[in-house]
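First the structure, in the form of structure tokens, and then the observations on it.
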Amino acid sequence: MSKQGCIALAVLSLQCSVNDKYNTLNAGEQLLCTTLCHVHSLLYCVYCNFYFLHCKNSLSSFAYLRTQSLHGPSPVTTFGPKACMLQNPHAVMHIQDPASQRLTWNKPPKSVLVIKKIRDASLLQPFKELCIFLTEVKNMIVYVEKKVLEDPAISDDENFGAITKKFCTFREDLDDISNRVDFIICLGGDGTLLYASSLFQESVPPVMAFHLGSLGFLTPFKFDTYQSQVTQIIEGNAAIVLRSRLKVRVLKENWEKKARVDEKGIILTNGDIESSRKALQYQVLNEVVVDRGPSSYLSNVDLFLDGHLITTVQGDGVIVSTPTGSTAYAVAAGASMIHPNVPAIMITPICPHSLSFRPIVVPAGVELKIMLSCDARNTAWVSFDGRKRQEICHGDSITITTSCFPVPSICFRDPVNDWFESLAQCLHWNVRKKQNYLSSEDEEF
């Protein structure tokens with residue numbers, strides 16, 4: 001028993017003992033006993049208050065620890081060298097009202113990255129018009145990937161050659177442009193936005209995506225009025241939605257045979273086995289997919305949450321997605337569609353062997369870990385937003401948590417209206433033939 005508990009028990013015992021013998025005492029002794037009881041009661045009240053505050057502080061500490069897993073990490077609200085999100089002084093909660101998330105510039109933007117879908121002839125004219133507008137009218141520094149300009153339809157255009165000489169070019173995975181680009185313009189489908197996200201492993205500049213692809217769930221802008229729309233973005237008049245990303249760390253166990261050399265200098269191949277770890281890190285906007293690859297066997301992987309084994313996935317695989325990715329592969333596998341402003345991570349099995357294994361949503365702050373089960377019959381394969389596909393063997397691990405570097409996607413109107421518009425236009429959400437009107441005459445029958 002604690003010291004405080006012993007004090008409380010002693011006070012109560014003394015009061016009970018005095019009450020039993022109170023009637024046998026004279027008036028003076030009764031007055032003294034009454035005074036002592038009041039003092040004891042006061043001490044007991046002080047102890048209760050102390051104990052209440054102690055419990056309250058303990059609960060507060062416990063609640064603070066839980067906050068780390070109930071809410072995602074604080075997102076970075078500076079995007080590139082000059083852009084940031086306009087803070088709402090009336091916001092009480094850390095997660096702002098989606099309608100209050102507005103773009104603002106610390107300094108006027110001077111550089112823009114234009115991402116175009118490669119080898120798409122239908123995008124040549126919009127690409128040229130946009131680049132001419134940005135360089136000649138807006139005096140912007142335009143960054144373009146080098147392989148885009150290698151397209152014969154662009155490199156052989158003599159009229160456009162004078163514009164391309166003003167471009168700044170870069171190569172993926174070789175040149176770092178993270179501190180050079182103020183904002184991004186995507187021409188194409190949803191894949192161009194995913195590609196833009198992969199180019200920035202930390203802070204991402206604001207992204208303006210034009211719908212020139214097939215689906216366009218993440219591309220809300222129409223190219224017909226691009227000049228006025230781009231001008232509004234440069235002036236800082238736009239709403240944004242922060243699309244959370246997943247920070248993924250792949251730890252691969254490389255097993256290599258250590259060659260031995262005998263006395264005559266002959267190399268022996270049956271040497272000892274040495275292991276070395278290789279770590280790879282990715283920023284994922286849509287989903288991480290772990291599947292069985294080319295094998296005909298079920299995938300068999302263990303899924304850990306904050307260090308605790310929660311289940312073993314037996315089936316074709318598992319999808320770990322962001323709210324943005326909930327409308328991609330995950331929804332085709334039976335998951336719910338979640339608004340991008342909701343801080344969460346989705347876990348969706350792919351054709352699970354157990355019918356009770358349903359998709360779940362976990363808090364954004366947890367850490368997930370996926371490993372190949374020790375009794376798995378085959379290896380597994382993993383991909384990140386459909387790219388960087390690689391094999392996962394025994395001893396390898398995939399650690400997933402919410403990144404603190406979201407993608408600031410510029411909205412056409414606001415985050416809520418744009419999302420429901422995409423559900424209706426792209427996915428035809430709840431589109432059905434309406435039930436016929438029932439007249440009063442029909443009601444009688």
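Quick note on naming: the chains in the structure tokens go A, B, ... in the order shown, residues restart at 1 in each chain, and ligands are numbered from 1 in order of appearance.
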
Close residues, Thr312 (chain A) itself excluded, 6 Å, only C-alpha atoms, min 5 positions apart in chain, as a short mmCIF file (atom, residue, chain, number, x, y, z; two decimals) with C-alpha atoms, in the first residue's frame:
```cif
data_model
loop_
_atom_site.label_atom_id
_atom_site.label_comp_id
_atom_site.auth_asym_id
_atom_site.auth_seq_id
_atom_site.Cartn_x
_atom_site.Cartn_y
_atom_site.Cartn_z
CA VAL A 301 3.45 -12.19 -44.32
CA ASP A 302 3.33 -11.05 -40.69
CA LEU A 303 1.84 -7.64 -39.93
#
```

Give one line per residue of region 98-131 of chain A that approaches region 213-220 of chain A to at most 10 Å, naming the two atoms of the closest pair and their distance in Å to one decimal, counting only C-alpha atoms; sort by chain then ascending residue number and deliver it as a tab-separated table.
```
residue	atom	partner	partner_atom	distance
A:Lys117	CA	A:Gly213	CA	8.8
A:Asp120	CA	A:Gly213	CA	9.7
A:Ser122	CA	A:Gly213	CA	9.5
A:Leu123	CA	A:Gly213	CA	9.2
```

Subject >> Within 12 Å of Leu368 (chain A) using only C-alpha atoms, minus same-chain residues under 3 positions, as a PyMOL selection string >> reply: chain A and resi 69+246-250+288+302-311+319-321+345-347+362-365+371+397-402

Original post:
region 77-264 of chain A: which residues are strand (DSSP E) by DSSP, as a VMD selection string?
Top reply: chain A and resid 78 to 79 83 to 86 102 to 105 111 to 116 141 to 145 168 to 170 183 to 188 207 to 211 240 to 243 246 to 257 260 to 261

Original post:
Do you know which residues are at most 9 Å from region 181-183 of chain A counting only C-alpha atoms, after dropping those on the same chain fewer than 5 positions away, and could you put them as an MDAnalysis selection string?
Top reply: chainID A and resid 79:83 109:114 141:143 204:208

**OP:** Determine which residues of region 238-401 of chain A receive a DSSP assignment of alpha helix (DSSP H), computed from the backbone, and state them as a count of residues only.
**Re:** 4

Subject >> Residue among A:Trp105, A:Phe200, A:Tyr226, A:Tyr329 lying closest to Cys131 (chain A), counting only C-alpha atoms >> reply: A:Tyr226

Subject >> Residue neighbourhood Asp396 (chain A), 9 Å, only C-alpha atoms, exclusion window fewer than 4 positions, as a list in words >> reply: Val250, Leu251, Lys252, Glu253, Asn254, Arg277, Ile370, Met371, Leu372 and Ile392 of chain A

Please produce an output containing all heavy atoms for each residue in the selection, written as a tab-separated table (two decimals), in the first residue's frame.
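Listing of again_25.tsv after writing:
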```
chain	number	residue	atom	x	y	z
A	250	VAL	N	12.61	0.19	-46.23
A	250	VAL	CA	12.82	-1.23	-46.55
A	250	VAL	C	14.21	-1.63	-46.09
A	250	VAL	O	15.21	-1.05	-46.54
A	250	VAL	CB	12.64	-1.49	-48.06
A	250	VAL	CG1	12.84	-2.96	-48.38
A	250	VAL	CG2	11.27	-1.03	-48.53
A	251	LEU	N	14.25	-2.60	-45.21
A	251	LEU	CA	15.52	-3.10	-44.69
A	251	LEU	C	15.73	-4.49	-45.27
A	251	LEU	O	15.00	-5.43	-44.95
A	251	LEU	CB	15.49	-3.15	-43.17
A	251	LEU	CG	16.83	-3.28	-42.44
A	251	LEU	CD1	17.74	-2.09	-42.76
A	251	LEU	CD2	16.63	-3.40	-40.95
A	252	LYS	N	16.72	-4.62	-46.14
A	252	LYS	CA	16.98	-5.89	-46.82
A	252	LYS	C	18.19	-6.57	-46.21
A	252	LYS	O	19.22	-5.95	-45.97
A	252	LYS	CB	17.19	-5.65	-48.31
A	252	LYS	CG	15.99	-5.00	-49.00
A	252	LYS	CD	16.16	-4.91	-50.49
A	252	LYS	CE	16.01	-6.25	-51.15
A	252	LYS	NZ	14.62	-6.74	-51.08
A	253	GLU	N	18.02	-7.85	-45.98
A	253	GLU	CA	19.08	-8.68	-45.41
A	253	GLU	C	19.82	-9.35	-46.56
A	253	GLU	O	19.28	-10.24	-47.23
A	253	GLU	CB	18.50	-9.73	-44.48
A	253	GLU	CG	19.51	-10.47	-43.64
A	253	GLU	CD	19.89	-9.70	-42.38
A	253	GLU	OE1	19.06	-8.96	-41.87
A	253	GLU	OE2	21.03	-9.87	-41.92
A	254	ASN	N	21.03	-8.88	-46.83
A	254	ASN	CA	21.82	-9.45	-47.92
A	254	ASN	C	22.73	-10.54	-47.38
A	254	ASN	O	23.62	-10.27	-46.56
A	254	ASN	CB	22.66	-8.36	-48.60
A	254	ASN	CG	21.80	-7.32	-49.28
A	254	ASN	OD1	20.71	-7.64	-49.76
A	254	ASN	ND2	22.26	-6.08	-49.31
A	277	ARG	N	23.06	-5.46	-43.93
A	277	ARG	CA	21.75	-4.84	-44.08
A	277	ARG	C	21.84	-3.64	-45.02
A	277	ARG	O	22.76	-2.83	-44.93
A	277	ARG	CB	21.20	-4.40	-42.72
A	277	ARG	CG	20.79	-5.58	-41.84
A	277	ARG	CD	20.27	-5.12	-40.51
A	277	ARG	NE	19.75	-6.23	-39.72
A	277	ARG	CZ	18.50	-6.63	-39.75
A	277	ARG	NH1	17.62	-6.02	-40.53
A	277	ARG	NH2	18.09	-7.64	-39.01
A	370	ILE	N	5.99	-4.99	-41.87
A	370	ILE	CA	5.61	-6.18	-42.63
A	370	ILE	C	6.85	-7.02	-42.86
A	370	ILE	O	7.88	-6.52	-43.33
A	370	ILE	CB	4.95	-5.81	-43.97
A	370	ILE	CG1	3.68	-4.98	-43.73
A	370	ILE	CG2	4.62	-7.05	-44.79
A	370	ILE	CD1	3.02	-4.49	-44.99
A	371	MET	N	6.76	-8.31	-42.52
A	371	MET	CA	7.86	-9.24	-42.71
A	371	MET	C	7.33	-10.55	-43.27
A	371	MET	O	6.17	-10.92	-43.04
A	371	MET	CB	8.61	-9.51	-41.39
A	371	MET	CG	9.27	-8.30	-40.77
A	371	MET	SD	10.22	-8.74	-39.29
A	371	MET	CE	11.52	-9.76	-39.99
A	372	LEU	N	8.17	-11.23	-44.00
A	372	LEU	CA	7.81	-12.54	-44.52
A	372	LEU	C	7.76	-13.54	-43.36
A	372	LEU	O	8.67	-13.59	-42.53
A	372	LEU	CB	8.84	-12.98	-45.56
A	372	LEU	CG	8.45	-14.10	-46.51
A	372	LEU	CD1	7.30	-13.68	-47.41
A	372	LEU	CD2	9.67	-14.51	-47.34
A	392	ILE	N	10.94	-9.35	-51.67
A	392	ILE	CA	11.12	-9.38	-50.21
A	392	ILE	C	11.37	-10.82	-49.79
A	392	ILE	O	10.53	-11.70	-50.02
A	392	ILE	CB	9.88	-8.81	-49.49
A	392	ILE	CG1	9.65	-7.35	-49.89
A	392	ILE	CG2	10.04	-8.92	-47.98
A	392	ILE	CD1	10.78	-6.42	-49.55
```

Subject >> Ser422 (chain A) surroundings by only C-alpha atoms, 12 Å radius, close-in-sequence under 2 positions cut, as a PyMOL selection string >> reply: chain A and resi 190+211+215-221+324+327+337+339+411-412+415-420+424-429

Export N, CA and C atoms of the chosen residues as a compact mmCIF listing (two decimals), in the first residue's frame?
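The new file part.txt reads:
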```txt
# COMPACT_ATOMS: atom_id res chain seq x y z
N ASP A 190 -3.59 11.03 -63.28
CA ASP A 190 -3.19 10.92 -61.87
C ASP A 190 -1.74 10.48 -61.73
N HIS A 211 -6.31 18.17 -65.85
CA HIS A 211 -6.91 16.90 -66.26
C HIS A 211 -6.77 16.72 -67.76
N LEU A 215 -8.39 9.12 -66.29
CA LEU A 215 -9.30 9.16 -65.14
C LEU A 215 -9.38 10.56 -64.52
N GLY A 216 -8.27 11.04 -63.98
CA GLY A 216 -8.23 12.40 -63.47
C GLY A 216 -8.88 12.61 -62.12
N PHE A 217 -8.79 11.62 -61.22
CA PHE A 217 -9.38 11.79 -59.90
C PHE A 217 -8.61 12.83 -59.09
N LEU A 218 -7.31 12.93 -59.32
CA LEU A 218 -6.46 13.86 -58.56
C LEU A 218 -6.13 15.12 -59.36
N THR A 219 -6.73 15.27 -60.53
CA THR A 219 -6.42 16.42 -61.40
C THR A 219 -7.69 17.24 -61.63
N PRO A 220 -7.96 18.23 -60.80
CA PRO A 220 -9.26 18.92 -60.86
C PRO A 220 -9.35 20.04 -61.90
N PHE A 221 -8.22 20.49 -62.48
CA PHE A 221 -8.26 21.67 -63.35
C PHE A 221 -8.46 21.28 -64.81
N THR A 324 -5.59 9.37 -49.65
CA THR A 324 -5.58 9.63 -51.09
C THR A 324 -5.59 8.33 -51.88
N THR A 327 -8.95 5.68 -52.88
CA THR A 327 -9.79 5.64 -54.08
C THR A 327 -9.06 5.00 -55.25
N MET A 337 -13.73 4.57 -49.06
CA MET A 337 -13.09 5.77 -49.59
C MET A 337 -13.02 6.82 -48.49
N HIS A 339 -11.66 10.69 -47.11
CA HIS A 339 -11.27 12.03 -47.55
C HIS A 339 -9.80 12.28 -47.21
N CYS A 411 -6.45 23.11 -55.06
CA CYS A 411 -7.84 22.75 -55.35
C CYS A 411 -8.42 23.69 -56.41
N PHE A 412 -9.39 23.16 -57.14
CA PHE A 412 -10.13 23.99 -58.09
C PHE A 412 -11.10 24.90 -57.34
N PRO A 415 -11.25 21.64 -50.81
CA PRO A 415 -11.01 20.20 -50.65
C PRO A 415 -12.26 19.34 -50.62
N VAL A 416 -13.33 19.83 -50.02
CA VAL A 416 -14.54 19.01 -49.88
C VAL A 416 -15.28 18.90 -51.22
N ASN A 417 -15.54 20.04 -51.85
CA ASN A 417 -16.28 20.02 -53.11
C ASN A 417 -15.50 19.30 -54.21
N ASP A 418 -14.19 19.51 -54.26
CA ASP A 418 -13.39 18.83 -55.29
C ASP A 418 -13.45 17.32 -55.12
N TRP A 419 -13.42 16.86 -53.87
CA TRP A 419 -13.41 15.41 -53.63
C TRP A 419 -14.72 14.77 -54.06
N PHE A 420 -15.84 15.37 -53.67
CA PHE A 420 -17.14 14.81 -54.05
C PHE A 420 -17.38 14.95 -55.55
N ALA A 424 -18.15 11.76 -58.07
CA ALA A 424 -19.30 11.71 -58.98
C ALA A 424 -18.85 11.59 -60.45
N GLN A 425 -17.84 12.38 -60.85
CA GLN A 425 -17.46 12.42 -62.25
C GLN A 425 -16.58 11.24 -62.66
N CYS A 426 -15.64 10.85 -61.79
CA CYS A 426 -14.68 9.80 -62.16
C CYS A 426 -15.13 8.40 -61.78
N LEU A 427 -15.69 8.26 -60.60
CA LEU A 427 -16.09 6.94 -60.11
C LEU A 427 -17.59 6.69 -60.21
N HIS A 428 -18.34 7.72 -60.62
CA HIS A 428 -19.81 7.61 -60.73
C HIS A 428 -20.40 7.07 -59.42
N TRP A 429 -19.97 7.66 -58.34
CA TRP A 429 -20.37 7.22 -57.00
C TRP A 429 -21.89 7.35 -56.83
```

**OP:** Could you please determine the separation between CA of Phe357 (chain A) and CA of Ala376 (chain A) in Å, to one decimal place?
**Re:**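 It comes out at 18.8 Å.
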
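For Asp224 (chain A), the set of protein, DNA and RNA residues having any atom at most 12 Å away, when counting only C-alpha atoms and skipping those fewer than 2 positions along the same chain, is Pro126, Glu129, Leu130, Phe210, His211, Leu212, Phe221, Lys222, Tyr226, Gln227, Ser228, Gln229 and Val230 of chain A.
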
Writer output for current selection, N, CA and C atoms, as a compact mmCIF listing (two decimals), in the first residue's frame:
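Once everything was written out, this is part03.txt:
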```txt
# COMPACT_ATOMS: atom_id res chain seq x y z
N PRO A 126 -0.81 21.44 -75.63
CA PRO A 126 -0.97 22.08 -74.31
C PRO A 126 0.37 22.37 -73.62
N GLU A 129 1.98 25.47 -75.32
CA GLU A 129 1.25 26.69 -74.97
C GLU A 129 1.55 27.13 -73.54
N LEU A 130 1.55 26.18 -72.64
CA LEU A 130 1.80 26.50 -71.23
C LEU A 130 3.22 27.03 -71.04
N PHE A 210 -3.54 19.47 -64.11
CA PHE A 210 -4.55 19.64 -65.16
C PHE A 210 -5.00 18.27 -65.65
N HIS A 211 -6.31 18.17 -65.85
CA HIS A 211 -6.91 16.90 -66.26
C HIS A 211 -6.77 16.72 -67.76
N LEU A 212 -5.70 16.00 -68.15
CA LEU A 212 -5.47 15.70 -69.56
C LEU A 212 -5.18 14.22 -69.76
N PHE A 221 -8.22 20.49 -62.48
CA PHE A 221 -8.26 21.67 -63.35
C PHE A 221 -8.46 21.28 -64.81
N LYS A 222 -9.26 22.08 -65.52
CA LYS A 222 -9.44 21.96 -66.96
C LYS A 222 -8.46 22.91 -67.65
N TYR A 226 -6.44 27.85 -68.69
CA TYR A 226 -5.21 27.68 -67.90
C TYR A 226 -4.56 29.02 -67.56
N GLN A 227 -4.67 30.01 -68.42
CA GLN A 227 -3.98 31.28 -68.17
C GLN A 227 -4.50 31.98 -66.92
N SER A 228 -5.81 32.08 -66.79
CA SER A 228 -6.37 32.74 -65.61
C SER A 228 -6.16 31.91 -64.36
N GLN A 229 -6.21 30.59 -64.50
CA GLN A 229 -6.02 29.72 -63.34
C GLN A 229 -4.58 29.77 -62.83
N VAL A 230 -3.62 29.73 -63.74
CA VAL A 230 -2.22 29.81 -63.33
C VAL A 230 -1.92 31.18 -62.72
```
